[in-house]
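Student: Next comes the structure file my_file_2.txt, holding compact mmCIF, C-alpha atoms.
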# COMPACT_ATOMS: atom_id res chain seq x y z
CA MET A 277 -0.18 10.56 -12.51
CA LYS A 278 1.91 9.43 -9.54
CA PHE A 279 1.90 11.23 -6.19
CA ALA A 280 4.71 10.91 -3.64
CA SER A 281 5.83 12.12 -0.24
CA PHE A 282 9.53 12.83 0.14
CA SER A 283 12.21 14.53 2.19
CA TYR A 284 14.66 16.95 0.63
CA GLU A 285 17.34 19.05 2.31
CA GLY A 286 15.93 18.22 5.72
CA ASN A 287 12.32 19.09 4.92
CA SER A 288 9.29 16.87 4.26
CA ASP A 289 7.22 17.61 1.19
CA TYR A 290 5.00 15.96 -1.41
CA GLY A 291 4.42 16.30 -5.10
CA VAL A 292 3.83 14.68 -8.48
CA LEU A 293 6.22 12.59 -10.58
CA ASN A 294 6.93 13.95 -14.06
CA ASP A 295 6.29 11.94 -17.23
CA THR A 296 9.85 10.63 -17.47
CA GLU A 297 9.79 9.65 -13.76
CA THR A 298 13.06 11.51 -13.19
CA LYS A 299 11.76 14.45 -11.12
CA LEU A 300 9.18 15.25 -8.49
CA ILE A 301 7.42 18.58 -8.85
CA PRO A 302 6.44 19.88 -5.39
CA MET A 303 2.71 20.26 -4.93
CA LYS A 304 3.10 23.83 -3.75
CA VAL A 305 4.55 24.74 -7.15
CA LEU A 306 1.57 23.18 -8.92
CA LEU A 307 -1.15 24.53 -6.63
CA ASN A 308 0.38 28.01 -6.53
CA ARG A 309 0.14 28.09 -10.33
CA LEU A 310 -3.54 27.15 -9.99
CA ASN A 311 -4.08 29.77 -7.23
CA LYS A 312 -5.27 27.10 -4.82
CA GLU A 313 -4.62 26.44 -1.14
CA VAL A 314 -1.62 24.18 -0.49
CA PRO A 315 -2.44 21.50 2.11
CA LYS A 316 0.39 20.55 4.47
CA ASP A 317 0.79 16.93 3.34
CA LEU A 318 -0.53 14.37 0.87
CA ILE A 319 -3.29 13.01 3.10
CA SER A 320 -4.56 16.57 3.60
CA PHE A 321 -4.43 17.11 -0.15
CA ILE A 322 -6.57 14.00 -0.68
CA ARG A 323 -9.08 15.08 1.96
CA ILE A 324 -9.44 18.60 0.54
CA TYR A 325 -9.29 17.98 -3.20
CA SER A 326 -9.84 14.24 -3.75
CA ASN A 327 -9.80 14.01 -7.57
CA ASP A 328 -11.14 17.52 -8.18
CA VAL A 329 -7.88 19.14 -9.32
CA VAL A 330 -6.06 16.14 -10.78
CA ASP A 331 -6.95 17.04 -14.36
CA GLU A 332 -5.89 20.65 -13.81
CA ILE A 333 -2.55 19.52 -12.39
CA GLY A 334 -2.04 17.24 -15.36
CA ASP A 335 -2.62 20.14 -17.74
CA ILE A 336 0.22 22.23 -16.28
CA MET A 337 2.77 19.52 -15.41
CA SER A 338 4.84 19.93 -18.57
CA GLU A 339 5.06 23.70 -18.04
CA LEU A 340 6.70 23.22 -14.64
CA ASP A 341 9.09 20.35 -15.31
CA ASP A 342 12.07 22.66 -14.76
CA ARG A 343 10.82 23.26 -11.20
CA GLY A 344 11.09 19.58 -10.33
CA ILE A 345 13.57 17.96 -7.94
CA SER A 346 15.68 15.10 -9.23
CA ILE A 347 14.61 11.71 -7.86
CA LYS A 348 18.28 11.02 -7.20
CA SER A 349 18.48 14.01 -4.85
CA LEU A 350 15.60 13.20 -2.50
CA LYS A 351 14.40 10.45 -0.16
CA LEU A 352 11.03 8.88 -0.92
CA GLU A 353 8.85 8.37 2.13
CA ALA A 354 5.66 6.35 2.51
CA PRO A 355 3.03 8.32 0.56
CA ILE A 356 0.93 8.62 3.74
CA PRO A 357 3.39 8.11 6.61
CA TYR A 358 0.74 8.67 9.29
CA PRO A 359 -2.65 7.31 8.21
CA ARG A 360 -5.55 8.94 10.02
CA ARG A 361 -6.46 5.55 11.55
CA ASN A 362 -5.34 1.93 11.36
CA LEU A 363 -4.95 0.22 8.01
CA PHE A 364 -7.95 -1.86 6.95
CA CYS A 365 -6.72 -5.31 5.89
CA LEU A 366 -8.18 -8.42 4.28
CA GLY A 367 -7.06 -11.91 5.16
CA LYS A 368 -7.00 -14.88 2.82
CA ASN A 369 -8.32 -13.01 -0.23
CA TYR A 370 -6.57 -15.23 -2.81
CA ILE A 371 -7.62 -18.89 -2.97
CA GLU A 372 -4.08 -20.22 -3.33
CA HIS A 373 -2.85 -18.26 -0.30
CA ALA A 374 -5.79 -19.46 1.83
CA GLU A 375 -4.86 -23.00 0.91
CA GLU A 376 -1.12 -22.66 1.52
CA ILE A 377 -1.52 -21.39 5.10
CA LYS A 378 -4.48 -23.54 6.16
CA ASN A 379 -2.52 -26.42 7.64
CA VAL A 380 0.45 -24.41 8.87
CA LEU A 381 -1.69 -22.02 10.91
CA LYS A 382 -3.95 -24.87 12.03
CA ASP A 383 -6.81 -22.95 10.48
CA ASN A 384 -9.82 -25.14 9.69
CA THR A 385 -11.51 -22.41 7.70
CA ASP A 386 -11.96 -23.20 4.01
CA ILE A 387 -12.06 -20.53 1.32
CA PRO A 388 -13.86 -17.65 3.06
CA SER A 389 -17.51 -17.03 2.21
CA TYR A 390 -17.26 -13.49 3.58
CA PRO A 391 -14.31 -11.09 3.77
CA ILE A 392 -11.98 -11.51 6.74
CA TYR A 393 -11.22 -8.03 8.04
CA PHE A 394 -8.53 -7.03 10.51
CA SER A 395 -6.41 -3.94 11.12
CA LYS A 396 -2.77 -3.10 11.66
CA ILE A 397 -0.99 -0.04 12.96
CA ALA A 398 1.19 2.12 10.73
CA ASP A 399 2.69 4.81 12.97
CA PRO A 400 4.53 5.63 10.85
CA ALA A 401 4.42 3.62 7.67
CA VAL A 402 7.92 3.23 6.28
CA GLY A 403 8.88 3.95 2.71
CA HIS A 404 10.97 2.80 -0.23
CA LEU A 405 14.52 1.72 0.75
CA ASP A 406 13.73 1.92 4.47
CA GLU A 407 14.68 -0.78 6.98
CA ILE A 408 12.31 -3.25 8.59
CA VAL A 409 13.47 -3.69 12.16
CA VAL A 410 12.34 -6.51 14.46
CA PRO A 411 12.80 -6.08 18.23
CA ASN A 412 14.10 -8.64 20.70
CA ASN A 413 15.67 -11.05 18.20
CA LEU A 414 12.30 -12.27 16.94
CA ILE A 415 13.41 -12.24 13.31
CA ALA A 416 13.29 -16.05 12.87
CA THR A 417 9.59 -15.97 11.90
CA LEU A 418 9.48 -12.70 9.94
CA ASP A 419 7.39 -12.95 6.77
CA TYR A 420 6.47 -10.77 3.78
CA GLU A 421 3.09 -10.22 2.07
CA VAL A 422 2.90 -8.02 -1.02
CA GLU A 423 -0.51 -6.36 -1.40
CA LEU A 424 -2.36 -3.87 -3.57
CA ALA A 425 -3.48 -1.00 -1.34
CA ILE A 426 -6.46 1.23 -2.10
CA ILE A 427 -6.46 4.90 -1.05
CA ILE A 428 -9.97 6.25 -0.37
CA GLY A 429 -10.58 9.64 -1.96
CA LYS A 430 -13.69 10.91 -0.19
CA ASP A 431 -15.91 10.05 2.75
CA GLY A 432 -18.55 7.44 2.08
CA LYS A 433 -20.96 5.13 3.87
CA ASP A 434 -23.19 2.37 2.49
CA ILE A 435 -21.52 2.73 -0.91
CA PRO A 436 -23.27 0.77 -3.69
CA PRO A 437 -20.89 -1.52 -5.64
CA GLY A 438 -21.55 0.43 -8.84
CA GLU A 439 -20.37 3.68 -7.25
CA VAL A 440 -17.19 2.41 -5.57
CA ASN A 441 -14.79 3.87 -8.13
CA ASN A 442 -16.07 7.36 -7.33
CA TYR A 443 -14.70 6.95 -3.80
CA ILE A 444 -11.20 5.81 -4.76
CA PHE A 445 -8.31 8.26 -5.04
CA GLY A 446 -5.64 5.81 -6.15
CA TYR A 447 -3.49 2.80 -5.38
CA THR A 448 -0.11 1.98 -3.89
CA ILE A 449 2.00 -1.03 -2.87
CA ALA A 450 2.02 -2.36 0.68
CA ASN A 451 4.02 -5.12 2.36
CA ASP A 452 2.05 -6.60 5.25
CA ILE A 453 5.06 -7.69 7.31
CA THR A 454 4.11 -10.35 9.88
CA LEU A 455 5.77 -12.18 12.77
CA ARG A 456 4.32 -15.65 12.31
CA ASN A 457 5.04 -16.95 15.82
CA PHE A 458 2.93 -14.11 17.24
CA GLN A 459 0.23 -14.80 14.66
CA THR A 460 -0.08 -18.43 15.75
CA LYS A 461 0.05 -17.93 19.52
CA HIS A 462 -2.55 -15.15 19.65
CA ALA A 463 -6.20 -15.66 18.76
CA GLN A 464 -6.09 -12.70 16.36
CA TRP A 465 -3.53 -11.17 14.01
CA PHE A 466 -3.28 -7.56 15.22
CA LYS A 467 -0.12 -7.79 17.32
CA SER A 468 1.81 -9.93 14.83
CA LYS A 469 1.39 -7.30 12.11
CA SER A 470 1.69 -4.07 14.11
CA PHE A 471 5.30 -3.86 15.27
CA ASP A 472 7.12 -0.64 14.42
CA THR A 473 8.33 -0.57 10.77
CA PHE A 474 5.96 -3.43 9.80
CA ALA A 475 4.00 -1.32 7.29
CA PRO A 476 6.17 -0.48 4.27
CA MET A 477 4.24 1.38 1.56
CA GLY A 478 5.00 3.19 -1.66
CA PRO A 479 6.87 4.32 -3.55
CA TYR A 480 3.95 6.25 -5.10
CA ILE A 481 0.20 6.59 -5.09
CA VAL A 482 -1.01 6.09 -8.65
CA ASP A 483 -4.06 8.12 -9.56
CA LYS A 484 -6.96 5.82 -10.42
CA SER A 485 -7.44 7.46 -13.82
CA ILE A 486 -4.39 5.75 -15.32
CA LEU A 487 -5.57 2.23 -14.43
CA ASP A 488 -8.43 0.13 -15.68
CA TYR A 489 -11.21 -0.44 -13.18
CA PRO A 490 -11.15 -2.68 -11.35
CA PRO A 491 -7.39 -2.93 -11.89
CA LYS A 492 -5.97 -6.22 -13.14
CA LEU A 493 -2.30 -5.89 -12.34
CA ASP A 494 0.63 -8.27 -12.07
CA ILE A 495 1.76 -8.42 -8.44
CA SER A 496 5.00 -9.99 -7.22
CA CYS A 497 7.53 -10.23 -4.41
CA LYS A 498 11.19 -11.17 -4.60
CA VAL A 499 13.57 -11.89 -1.74
CA ASN A 500 17.22 -11.46 -2.70
CA ASP A 501 16.17 -11.71 -6.39
CA GLU A 502 14.34 -15.02 -5.81
CA MET A 503 10.76 -14.78 -7.02
CA ARG A 504 8.45 -15.82 -4.17
CA GLN A 505 5.04 -14.39 -5.11
CA ASN A 506 3.88 -13.88 -8.69
CA PHE A 507 0.18 -13.40 -9.38
CA ASN A 508 -2.42 -10.97 -10.71
CA THR A 509 -4.97 -8.91 -8.80
CA ASP A 510 -7.80 -10.22 -10.96
CA LYS A 511 -7.60 -13.38 -8.82
CA LEU A 512 -8.94 -11.67 -5.68
CA ILE A 513 -11.72 -13.70 -4.06
CA PHE A 514 -13.52 -10.49 -3.10
CA ASP A 515 -12.88 -7.82 -5.70
CA ILE A 516 -12.50 -4.11 -5.08
CA PRO A 517 -16.16 -3.10 -5.69
CA TYR A 518 -17.28 -5.81 -3.26
CA ILE A 519 -14.66 -4.96 -0.61
CA ILE A 520 -15.38 -1.25 -0.41
CA SER A 521 -19.14 -1.62 -0.67
CA ASP A 522 -19.20 -4.31 2.01
CA LEU A 523 -16.74 -2.57 4.32
CA SER A 524 -18.69 0.70 4.12
CA LYS A 525 -21.96 -0.86 5.29
CA GLY A 526 -22.70 1.05 8.47
CA LEU A 527 -19.06 2.24 8.65
CA THR A 528 -18.00 5.55 7.17
CA LEU A 529 -14.83 5.31 5.12
CA ARG A 530 -12.82 8.53 5.28
CA ALA A 531 -10.73 10.27 2.65
CA GLY A 532 -7.18 9.04 3.10
CA ASP A 533 -8.15 5.65 4.54
CA ILE A 534 -5.98 2.80 3.28
CA ILE A 535 -7.31 -0.68 2.51
CA LEU A 536 -4.95 -3.63 1.93
CA THR A 537 -6.63 -6.15 -0.35
CA GLY A 538 -4.80 -9.36 0.63
CA THR A 539 -1.69 -11.23 -0.47
CA PRO A 540 -1.28 -14.00 -3.05
CA ALA A 541 0.37 -17.38 -2.54
CA GLY A 542 4.11 -17.68 -2.02
CA VAL A 543 4.63 -16.25 1.48
CA GLY A 544 7.56 -17.62 3.46
CA LEU A 545 5.26 -19.57 5.75
CA GLY A 546 3.92 -21.55 2.81
CA PHE A 547 7.22 -23.24 1.95
CA ASN A 548 8.43 -26.52 3.45
CA PRO A 549 10.58 -25.70 5.31
CA PRO A 550 9.43 -22.07 5.71
CA LYS A 551 11.49 -19.36 4.05
CA TYR A 552 11.42 -16.62 6.66
CA LEU A 553 13.26 -13.33 6.31
CA VAL A 554 16.64 -12.86 7.97
CA SER A 555 18.91 -9.90 8.62
CA GLY A 556 20.48 -8.65 5.41
CA ASP A 557 17.63 -9.78 3.14
CA ILE A 558 16.33 -7.43 0.45
CA VAL A 559 12.57 -7.59 -0.19
CA GLU A 560 11.28 -6.25 -3.49
CA CYS A 561 7.52 -5.84 -3.92
CA ALA A 562 6.27 -4.85 -7.36
CA ILE A 563 2.89 -4.08 -8.86
CA GLU A 564 2.43 -3.38 -12.53
CA LYS A 565 1.99 0.33 -13.41
CA ILE A 566 2.59 1.39 -9.79
CA GLY A 567 6.27 0.67 -9.21
CA VAL A 568 8.67 -1.24 -7.01
CA LEU A 569 8.91 -1.04 -3.21
CA VAL A 570 12.27 -2.20 -1.82
CA ASN A 571 13.04 -2.69 1.86
CA TYR A 572 15.96 -4.06 3.85
CA ILE A 573 15.75 -6.44 6.80
CA LYS A 574 17.87 -5.25 9.69
In structure tokens, how does this file's structure come out?
Tutor:
Amino acid sequence: MKFASFSYEGNSDYGVLNDTETKLIPMKVLLNRLNKEVPKDLISFIRIYSNDVVDEIGDIMSELDDRGISIKSLKLEAPIPYPRRNLFCLGKNYIEHAEEIKNVLKDNTDIPSYPIYFSKIADPAVGHLDEIVVPNNLIATLDYEVELAIIIGKDGKDIPPGEVNNYIFGYTIANDITLRNFQTKHAQWFKSKSFDTFAPMGPYIVDKSILDYPPKLDISCKVNDEMRQNFNTDKLIFDIPYIISDLSKGLTLRAGDIILTGTPAGVGLGFNPPKYLVSGDIVECAIEKIGVLVNYIK
């Protein structure tokens, strides 16, 4: 099952993609049939229901297909345009990526022994087919980073590794857009990754039930049809059970929190000379069984 946020005829809404992926059935249609409260947006739905009604929704989807809105008639937004707090991010979580940026960023750290956590602002996150806009002509060092993003389904603290899957709602695609010149001149990465429009996500949140756990998915990024990144999420240094268990030690994860798991090798910075993004570029991030997230560089 795939969940999405969208705008249609001037209104924002959210719903579930039908089996043929041609229509979105508004959540209010589904929950009204189940005589349940209709939360105002997808993050509220996750916080109230987590995975409790997913099976029930699946049971009635085919009955309500005629109530769906054609994908061609609506605008997909980021599934959670306004996360309840900053995105949790992991740095250098693929060996090959850690190696490709080591010398360029003058980073003497070898393959990390512990997760490298940082955060970035998404206020709002942008969605499929949206523009990435860089202020003040700083586009010369703009870079892409395709990542598998985890959506937390319920509050949890000190989560044992064996129970992590119980706290996951689903997964989506994220592009951790970065201005590399800001990343190198500051002692931390927050500013370089937190400009407006630097958090594309989507197009859907895939319910965890349709993926193996932990998911082993092909992950890729193309720029103007040129393949730049092409890997699989089973190559994470710190896998999903480790990440969520470790991150939740002494820190309560909340339903709707979003965790970016790191990017594989092939970022623009890693080429010689670097292949940074320029105005007019089309960036296509894809993850197997989730979808394709396309954005335009303005």
Student: List as number ranges by chain the protein and nucleic acid residues near Ile371 of chain A, meaning an atom at most 7 Å away when all atoms listed in the file are counted, but skip any in the same chain fewer than 2 places from it.
Tutor: A: 369, 373-375, 387, 513
Student: Calculate how many Å separate atom CA of Tyr420 of chain A from atom CA of Leu569 of chain A, rounding to one decimal.
Tutor: 12.2 Å
Student: Name the residues, using the chain letters and numbers of the file, that sit within 12 Å of (22.1, -11.5, 1.5) when counting all atoms listed in the file, and give them as a ChimeraX atom specification.
Tutor: /A:499-502,553-559,572-574
Student: Atom CA of Val482 of chain A to atom CA of Val570 of chain A: how many Å, to one decimal?
Tutor: 17.1 Å
Student: Would you compute the distance between atom CA of Ala425 of chain A and atom CA of Asp472 of chain A? Give it in Å to one decimal.
Tutor: 19.0 Å
